[in-house]
Structures are given as C-alpha cells and as structure tokens.
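The block underneath contains the structure these notes are about, expressed in structure tokens.
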Amino acid sequence: MKFIDHTTLSVKAGSGGKGCIAFLREKFRPKGGPCGGDGGRGGSIIFRVNPQLSTLQDITLKHLYRAENGANGGGKNMHGKNGKDIIIKIPPGTIIKNAETEQVLKDLTGENESYVVVKGGNGGFGNARFKTQRNTAPKIANNGQLGEDLKIELELKVLADVGLVGFPNAGKSTFISKVSNAKPKIADYPFTTLVPNLGIVKYGNYRSFVMADIPGLIEGASDGKGLGSQFLRHIERTKVLVYLVECIDEEIY
Ligand SMILES: Nc1nc2c(ncn2[C@@H]2O[C@H](COP(=O)(O)OP(=O)(O)OP(=O)(O)O)[C@@H](O)[C@H]2O)c(=O)[nH]1
Ligand SMILES: [Mg+2]
C-alpha cells in the first residue's frame, strides 16, 4: 500500500429539504387545517479514526465528498427523509486543517474518535408549524438551510512513542525489526527505507509502546537533500528520539 501523509479535498454537506405547504382535505373535513411536513436534514460529513489504517491513500481516490440533501416535506405532516451522513475513515494521528486559512480544525488521535467537519443543513418547517390562533391556515413554509462546504487539508503525523533517527544505512530498520513486531526491508544500501515503519515493542506484563523507523537523514536534509525533511513530521510528536550511530566507520565523524 502506498504511504500518503498529505492531501487536500473538498467536502460539502447536504442541504435541508423544503418545508411543505399543504392543507388537509378529507371527505367530511373540508377545512382540515394546515398539514405541511418539515423537510429532512441534509447529510453531514464525519471523519472517524480507524486504528487499522496507516496511510491517507484511500481518501485521495476522491477529491470531492458530497453528502445527500434532505428530502422535501410532504402533505399529511410527512417529514422529508434525512440525507445520509458520509463517514470517512482516517488513520490515528490525522490533523484536519482549513485549506484556505491553514487553521487546525481537529487533531484526531484517539481510537474511534470522530469529528463532524461539515454539518448538513436543517430541514425547513412545513406550514403546520406556523398555525396560530390568529392564522389557522398559514400559507408559508421555510426552505431548508444550505449544507456547509469547506476545502480541507489532511496531514498525517503517525503516532509513535519513540522515533529512530540516523544516517542512511545506520541500522535503524535492523534495530526496529529486532525489538518490535515490524518487518521492514533491510539492505546494505542507503535509503532502503522510503516510508515510515511502525512497530509495537512489548515489555513487562502486557505493556507496550510504538516505535517509528523513518528514512535516513543526510547532511542538508533540511534543505531537501535525500528524502529531505518530508518525513520528520512523523517523529515530531514522539516522547523519545533514539539516534542510531554507526560505530564501525570512523570517517563519518
Ligand atoms: N555489522 C553490522 N551490520 C549491521 C548492524 N545493523 C545493521 N547492519 C547492516 O547494515 C545494513 C543497513 O541496515 P538497515 O537496517 O537497512 O539500515 P537503515 O538505517 O534502516 O538504512 P536506511 O533505511 O537505508 O536508512 C544492513 O546490511 C544490515 O544488515 C550491526 O549492528 N552490525
Ligand atoms: Mg531502513
């Protein structure tokens, strides 16, 4: 699976359905009063953390997510059907930003945590709602509210407790493969690791923490050399950084 840790997309919630203007007309009740039902609510777009995911790849397949509109209200006080919500699954550690202002809207870290990014509009009131003692036959109803829409940016910063940092070929992937359940590619050439690997390290009685192995860093990485600093975001939030230094080759130092 391709490792993607950054993407932008547009999200649009559904609008509410219109309220209905209708009057009851039954055989023996010719003036039965207003009976227009309310419109249905528009669908919202919700992000939900799925701990099984480790990349934003699935989300990048679509650039626009649009939730259903609510249906219009009907006669005989029939409420319009609500629009379906769209639930988008994201990996833990995904930050949701407003793409225009760069403002962080939410940092989703917890298991099964969710966030409503755009809310569907409420349905309009049907004319039955407007009946008063003075106006028993109102001919008014509301339109539904528009659904919110937004351009957003998703940034994944993997959640790890310990991050491994070092020159290419220093032995980072070998180390994580020995202490955790991760099975990264190990080879005798620089930049074997191209995307972060996560591993669970078990210790004591049923205790564990997450370790991250990222691609090697070379001098000038901050100016974009090698794989540059594009993966540094993944060790930004770790509690501990482990620097792996090769001690055989004297020339490096
Ligand atoms: N002699 C010796 N070789 C090691 C040791 N640890 C790793 N190696 C070897 O060093 C080479 C590089 O190891 P990797 O674990 O792929 O190194 P890395 O830091 O992950 O490298 P990149 O992913 O390219 O940044 C492999 O051929 C390993 O077998 C060690 O402790 N001693
Ligand atoms: Mg490696």
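Labels for the structure tokens follow display order: chains A, B, ..., residues from 1 in each chain, ligands from 1.
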Report task. Kindly provide, as a count of residues only, all nucleotide and amino acid residues lying within 10 Å of ligand 2, counting only C-alpha atoms and all ligand atoms. Result -> 31
I'd like the neighbourhood of A:Asp149 as a PDB file with N, CA and C atoms, in the first residue's frame, where a residue qualifies if any of its atoms comes within 8 Å (using only C-alpha atoms), though same-chain residues fewer than 6 positions away should be ignored.
ATOM      1  N   SER A  10     -12.243  18.577  -1.015  1.00  0.00           N
ATOM      2  CA  SER A  10     -13.400  19.434  -0.748  1.00  0.00           C
ATOM      3  C   SER A  10     -14.510  18.587  -0.151  1.00  0.00           C
ATOM      4  N   VAL A  11     -15.174  19.153   0.838  1.00  0.00           N
ATOM      5  CA  VAL A  11     -16.289  18.429   1.457  1.00  0.00           C
ATOM      6  C   VAL A  11     -17.525  19.330   1.443  1.00  0.00           C
ATOM      7  N   LYS A  12     -18.637  18.722   1.079  1.00  0.00           N
ATOM      8  CA  LYS A  12     -19.874  19.506   1.047  1.00  0.00           C
ATOM      9  C   LYS A  12     -20.993  18.722   1.699  1.00  0.00           C
ATOM     10  N   ALA A  13     -21.573  19.313   2.736  1.00  0.00           N
ATOM     11  CA  ALA A  13     -22.681  18.646   3.431  1.00  0.00           C
ATOM     12  C   ALA A  13     -23.967  18.857   2.634  1.00  0.00           C
ATOM     13  N   VAL A 118     -18.219  19.081   8.259  1.00  0.00           N
ATOM     14  CA  VAL A 118     -19.258  19.981   7.742  1.00  0.00           C
ATOM     15  C   VAL A 118     -20.623  19.388   8.092  1.00  0.00           C
TER      16      VAL A 118
END
Query raised in the report: Within 7 Å of stretch 106-115 of chain A, counting only C-alpha atoms, which residues qualify if same-chain residues fewer than 4 places away don't, as a VMD selection string?
Result: chain A and resid 46 to 51 92 to 96
**Report entry** Residue with smallest distance to ligand 1 - pool A:Gly83, A:Gly42, A:Gly226, A:Gly74, counting only C-alpha atoms and all ligand atoms
**Finding:** A:Gly226
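Residues within 12 Å of A:Ser208, counting only C-alpha atoms and excluding same-chain residues fewer than 2 positions away, are A:Ala160, A:Asp161, A:Val162, A:Val179, A:Ser180, A:Asn181, A:Gly199, A:Ile200, A:Val201, A:Lys202, A:Tyr203, A:Gly204, A:Asn205, A:Tyr206, A:Val210, A:Met211.
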Those selected residues, please, written with N, CA, C and O atoms and delivered as a compact mmCIF listing (two decimals), in the first residue's frame.
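And here is the file that came out, again-v2.txt:
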# COMPACT_ATOMS: atom_id res chain seq x y z
N ALA A 160 3.73 7.82 17.42
CA ALA A 160 4.68 6.86 17.96
C ALA A 160 5.24 7.43 19.26
O ALA A 160 5.23 8.65 19.47
N ASP A 161 5.67 6.55 20.16
CA ASP A 161 6.25 7.00 21.42
C ASP A 161 7.74 7.25 21.26
O ASP A 161 8.31 8.12 21.89
N VAL A 162 8.37 6.41 20.43
CA VAL A 162 9.81 6.50 20.25
C VAL A 162 10.11 6.62 18.75
O VAL A 162 9.55 5.89 17.95
N VAL A 179 13.57 -5.41 18.00
CA VAL A 179 12.87 -5.12 19.26
C VAL A 179 11.35 -5.06 19.12
O VAL A 179 10.64 -5.03 20.13
N SER A 180 10.85 -5.02 17.89
CA SER A 180 9.38 -4.90 17.74
C SER A 180 8.87 -5.93 16.74
O SER A 180 9.63 -6.73 16.21
N ASN A 181 7.58 -5.85 16.48
CA ASN A 181 6.97 -6.79 15.51
C ASN A 181 7.08 -6.28 14.08
O ASN A 181 6.55 -6.91 13.17
N GLY A 199 6.33 -0.08 14.64
CA GLY A 199 6.41 -1.39 15.27
C GLY A 199 5.96 -1.29 16.72
O GLY A 199 6.13 -0.24 17.37
N ILE A 200 5.36 -2.36 17.21
CA ILE A 200 4.93 -2.38 18.62
C ILE A 200 5.98 -3.12 19.43
O ILE A 200 6.32 -4.27 19.12
N VAL A 201 6.51 -2.46 20.44
CA VAL A 201 7.51 -3.08 21.31
C VAL A 201 6.80 -3.53 22.59
O VAL A 201 6.20 -2.72 23.29
N LYS A 202 6.89 -4.83 22.85
CA LYS A 202 6.22 -5.36 24.05
C LYS A 202 7.23 -5.48 25.17
O LYS A 202 8.37 -5.89 24.93
N TYR A 203 6.84 -5.14 26.38
CA TYR A 203 7.75 -5.31 27.52
C TYR A 203 6.92 -5.53 28.77
O TYR A 203 5.72 -5.20 28.81
N GLY A 204 7.59 -6.06 29.82
CA GLY A 204 6.91 -6.30 31.10
C GLY A 204 5.68 -7.17 30.90
O GLY A 204 5.61 -7.96 29.96
N ASN A 205 4.72 -7.00 31.78
CA ASN A 205 3.49 -7.78 31.67
C ASN A 205 2.47 -6.99 30.88
O ASN A 205 1.86 -6.07 31.38
N TYR A 206 2.28 -7.39 29.64
CA TYR A 206 1.26 -6.80 28.77
C TYR A 206 1.43 -5.30 28.56
O TYR A 206 0.47 -4.57 28.39
N VAL A 210 4.87 2.21 20.93
CA VAL A 210 5.04 2.19 19.47
C VAL A 210 6.36 2.89 19.11
O VAL A 210 6.68 3.95 19.62
N MET A 211 7.12 2.23 18.23
CA MET A 211 8.38 2.78 17.75
C MET A 211 8.26 3.06 16.25
O MET A 211 7.62 2.30 15.53
Show which residues sit within 10 Å of A:Gly33, as a PDB file with N, CA and C atoms, in the first residue's frame. Count only C-alpha atoms, and ignore same-chain residues fewer than 5 positions away.
ATOM      1  N   ALA A  22     -49.380  22.513   2.744  1.00  0.00           N
ATOM      2  CA  ALA A  22     -50.497  21.635   2.363  1.00  0.00           C
ATOM      3  C   ALA A  22     -51.616  21.783   3.388  1.00  0.00           C
ATOM      4  N   PHE A  23     -52.819  21.455   2.967  1.00  0.00           N
ATOM      5  CA  PHE A  23     -53.979  21.513   3.865  1.00  0.00           C
ATOM      6  C   PHE A  23     -54.729  20.197   3.792  1.00  0.00           C
ATOM      7  N   LEU A  24     -55.233  19.789   4.946  1.00  0.00           N
ATOM      8  CA  LEU A  24     -55.985  18.522   4.972  1.00  0.00           C
ATOM      9  C   LEU A  24     -57.315  18.696   4.246  1.00  0.00           C
ATOM     10  N   ARG A  25     -57.580  17.813   3.342  1.00  0.00           N
ATOM     11  CA  ARG A  25     -58.881  17.844   2.645  1.00  0.00           C
ATOM     12  C   ARG A  25     -59.453  16.435   2.695  1.00  0.00           C
ATOM     13  N   ASN A 127     -45.883  24.145   6.761  1.00  0.00           N
ATOM     14  CA  ASN A 127     -46.833  25.174   7.221  1.00  0.00           C
ATOM     15  C   ASN A 127     -47.597  24.774   8.478  1.00  0.00           C
ATOM     16  N   ALA A 128     -47.608  23.491   8.823  1.00  0.00           N
ATOM     17  CA  ALA A 128     -48.295  23.079  10.049  1.00  0.00           C
ATOM     18  C   ALA A 128     -47.675  23.764  11.273  1.00  0.00           C
ATOM     19  N   LYS A 131     -49.101  27.466  12.312  1.00  0.00           N
ATOM     20  CA  LYS A 131     -50.501  27.660  12.684  1.00  0.00           C
ATOM     21  C   LYS A 131     -50.584  28.368  14.038  1.00  0.00           C
ATOM     22  N   THR A 136     -55.016  30.443  11.200  1.00  0.00           N
ATOM     23  CA  THR A 136     -55.213  28.993  11.267  1.00  0.00           C
ATOM     24  C   THR A 136     -54.899  28.307   9.935  1.00  0.00           C
ATOM     25  N   ALA A 137     -54.702  29.110   8.897  1.00  0.00           N
ATOM     26  CA  ALA A 137     -54.383  28.499   7.592  1.00  0.00           C
ATOM     27  C   ALA A 137     -53.161  29.185   6.968  1.00  0.00           C
ATOM     28  N   PRO A 138     -52.003  29.081   7.604  1.00  0.00           N
ATOM     29  CA  PRO A 138     -50.813  29.776   7.078  1.00  0.00           C
ATOM     30  C   PRO A 138     -50.372  29.184   5.747  1.00  0.00           C
TER      31      PRO A 138
END
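Among the candidate residues A:Ala212, A:Glu153, A:Gly224, A:Leu61, the one lying nearest to ligand 1 is A:Ala212, with distances computed using only C-alpha atoms and all ligand atoms.
The coordinates place atom CA of A:Gly80 at 25.1 Å from atom CA of A:Pro30.
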Report summary line: Using only C-alpha atoms, the shortest atom-to-atom distance to A:Val158 among A:Asn135, A:Thr55, A:Ser229, A:Thr101 belongs to A:Thr55
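Picture a line from atom CA of A:Pro34 to atom CA of A:Gly19; it runs 12.0 Å.
As for atom CA of A:Cys20 and atom CA of A:Gly75, they are spaced 6.7 Å apart.
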Query - Spatial neighbours of A:Leu146, 8 Å, only C-alpha atoms, chain gap at least 6 places, as a PyMOL selection string - result: chain A and resi 14-16+120-122
Filtering to N, CA, C and O atoms, could you give me those residues as an mmCIF file, in the first residue's frame?
data_model
loop_
_atom_site.group_PDB
_atom_site.id
_atom_site.type_symbol
_atom_site.label_atom_id
_atom_site.label_comp_id
_atom_site.auth_asym_id
_atom_site.auth_seq_id
_atom_site.Cartn_x
_atom_site.Cartn_y
_atom_site.Cartn_z
ATOM 1 N N GLY A 14 -24.958 18.032 2.892
ATOM 2 C CA GLY A 14 -26.238 18.145 2.190
ATOM 3 C C GLY A 14 -27.065 19.308 2.736
ATOM 4 O O GLY A 14 -26.937 19.689 3.901
ATOM 5 N N SER A 15 -27.906 19.877 1.866
ATOM 6 C CA SER A 15 -28.804 20.941 2.319
ATOM 7 C C SER A 15 -30.086 20.320 2.866
ATOM 8 O O SER A 15 -30.444 19.196 2.505
ATOM 9 N N GLY A 16 -30.773 21.084 3.704
ATOM 10 C CA GLY A 16 -32.033 20.589 4.251
ATOM 11 C C GLY A 16 -33.128 20.659 3.194
ATOM 12 O O GLY A 16 -33.082 21.503 2.295
ATOM 13 N N GLY A 120 -24.742 19.056 7.928
ATOM 14 C CA GLY A 120 -25.854 19.181 6.991
ATOM 15 C C GLY A 120 -26.821 20.267 7.455
ATOM 16 O O GLY A 120 -26.955 20.524 8.656
ATOM 17 N N GLY A 121 -27.514 20.910 6.502
ATOM 18 C CA GLY A 121 -28.468 21.958 6.866
ATOM 19 C C GLY A 121 -29.745 21.359 7.457
ATOM 20 O O GLY A 121 -30.146 20.250 7.100
ATOM 21 N N ASN A 122 -30.391 22.127 8.359
ATOM 22 C CA ASN A 122 -31.672 21.661 8.908
ATOM 23 C C ASN A 122 -32.756 21.774 7.849
ATOM 24 O O ASN A 122 -32.695 22.654 6.984
#
Query raised in the report: Pick the closest to ligand 1 from A:Leu105, A:Ile90, A:Leu217, A:Ile140: which is it, counting only C-alpha atoms and all ligand atoms?
Result: A:Leu217
Skip A:Ala71 itself and residues of its chain fewer than 5 positions away, then list as an mmCIF file with N, CA, C and O atoms, in the first residue's frame all residues within 6 Å of it, counting only C-alpha atoms.
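Output file part17.cif is given in full below:
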data_model
loop_
_atom_site.group_PDB
_atom_site.id
_atom_site.type_symbol
_atom_site.label_atom_id
_atom_site.label_comp_id
_atom_site.auth_asym_id
_atom_site.auth_seq_id
_atom_site.Cartn_x
_atom_site.Cartn_y
_atom_site.Cartn_z
ATOM 1 N N GLY A 17 -34.107 19.770 3.303
ATOM 2 C CA GLY A 17 -35.235 19.789 2.352
ATOM 3 C C GLY A 17 -36.193 20.932 2.698
ATOM 4 O O GLY A 17 -36.188 21.467 3.807
ATOM 5 N N GLY A 39 -39.021 19.609 6.106
ATOM 6 C CA GLY A 39 -38.029 18.980 5.232
ATOM 7 C C GLY A 39 -37.043 18.157 6.055
ATOM 8 O O GLY A 39 -36.873 18.385 7.252
ATOM 9 N N GLY A 40 -36.393 17.191 5.388
ATOM 10 C CA GLY A 40 -35.404 16.355 6.088
ATOM 11 C C GLY A 40 -34.078 17.097 6.238
ATOM 12 O O GLY A 40 -33.800 18.056 5.510
ATOM 13 N N GLY A 80 -39.743 15.006 5.572
ATOM 14 C CA GLY A 80 -38.847 14.553 4.494
ATOM 15 C C GLY A 80 -37.744 13.659 5.050
ATOM 16 O O GLY A 80 -37.341 13.799 6.210
ATOM 17 N N LYS A 81 -37.264 12.771 4.200
ATOM 18 C CA LYS A 81 -36.220 11.843 4.645
ATOM 19 C C LYS A 81 -34.895 12.596 4.865
ATOM 20 O O LYS A 81 -34.549 13.487 4.072
#
Report task. Step one, run DSSP on the backbone; step two, keep only residues of stretch 151-215 of chain A assigned to alpha helix (DSSP H); then write them as a PyMOL selection string. Result -> chain A and resi 172-179
Report task. Enumerate the residues of stretch 5-229 of chain A with a DSSP assignment of strand (DSSP E or B), computed from the backbone, and present them as a ChimeraX atom specification. Result -> /A:6-12,23,26,29,34,45-49,64-66,74,78,86-90,94-98,104-108,114-118,149-156,162-166,197-203,207-213
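Remark: for ligand 1, the closest of the candidate residues A:Lys239, A:Lys178, A:Ser54, A:Gly73 is A:Lys178 (distances computed over only C-alpha atoms and all ligand atoms).
Using only C-alpha atoms and all ligand atoms, the shortest contact distance between ligand 1 and any of A:Leu232, A:Ala67, A:Val165, A:Leu241 is found at A:Val165.
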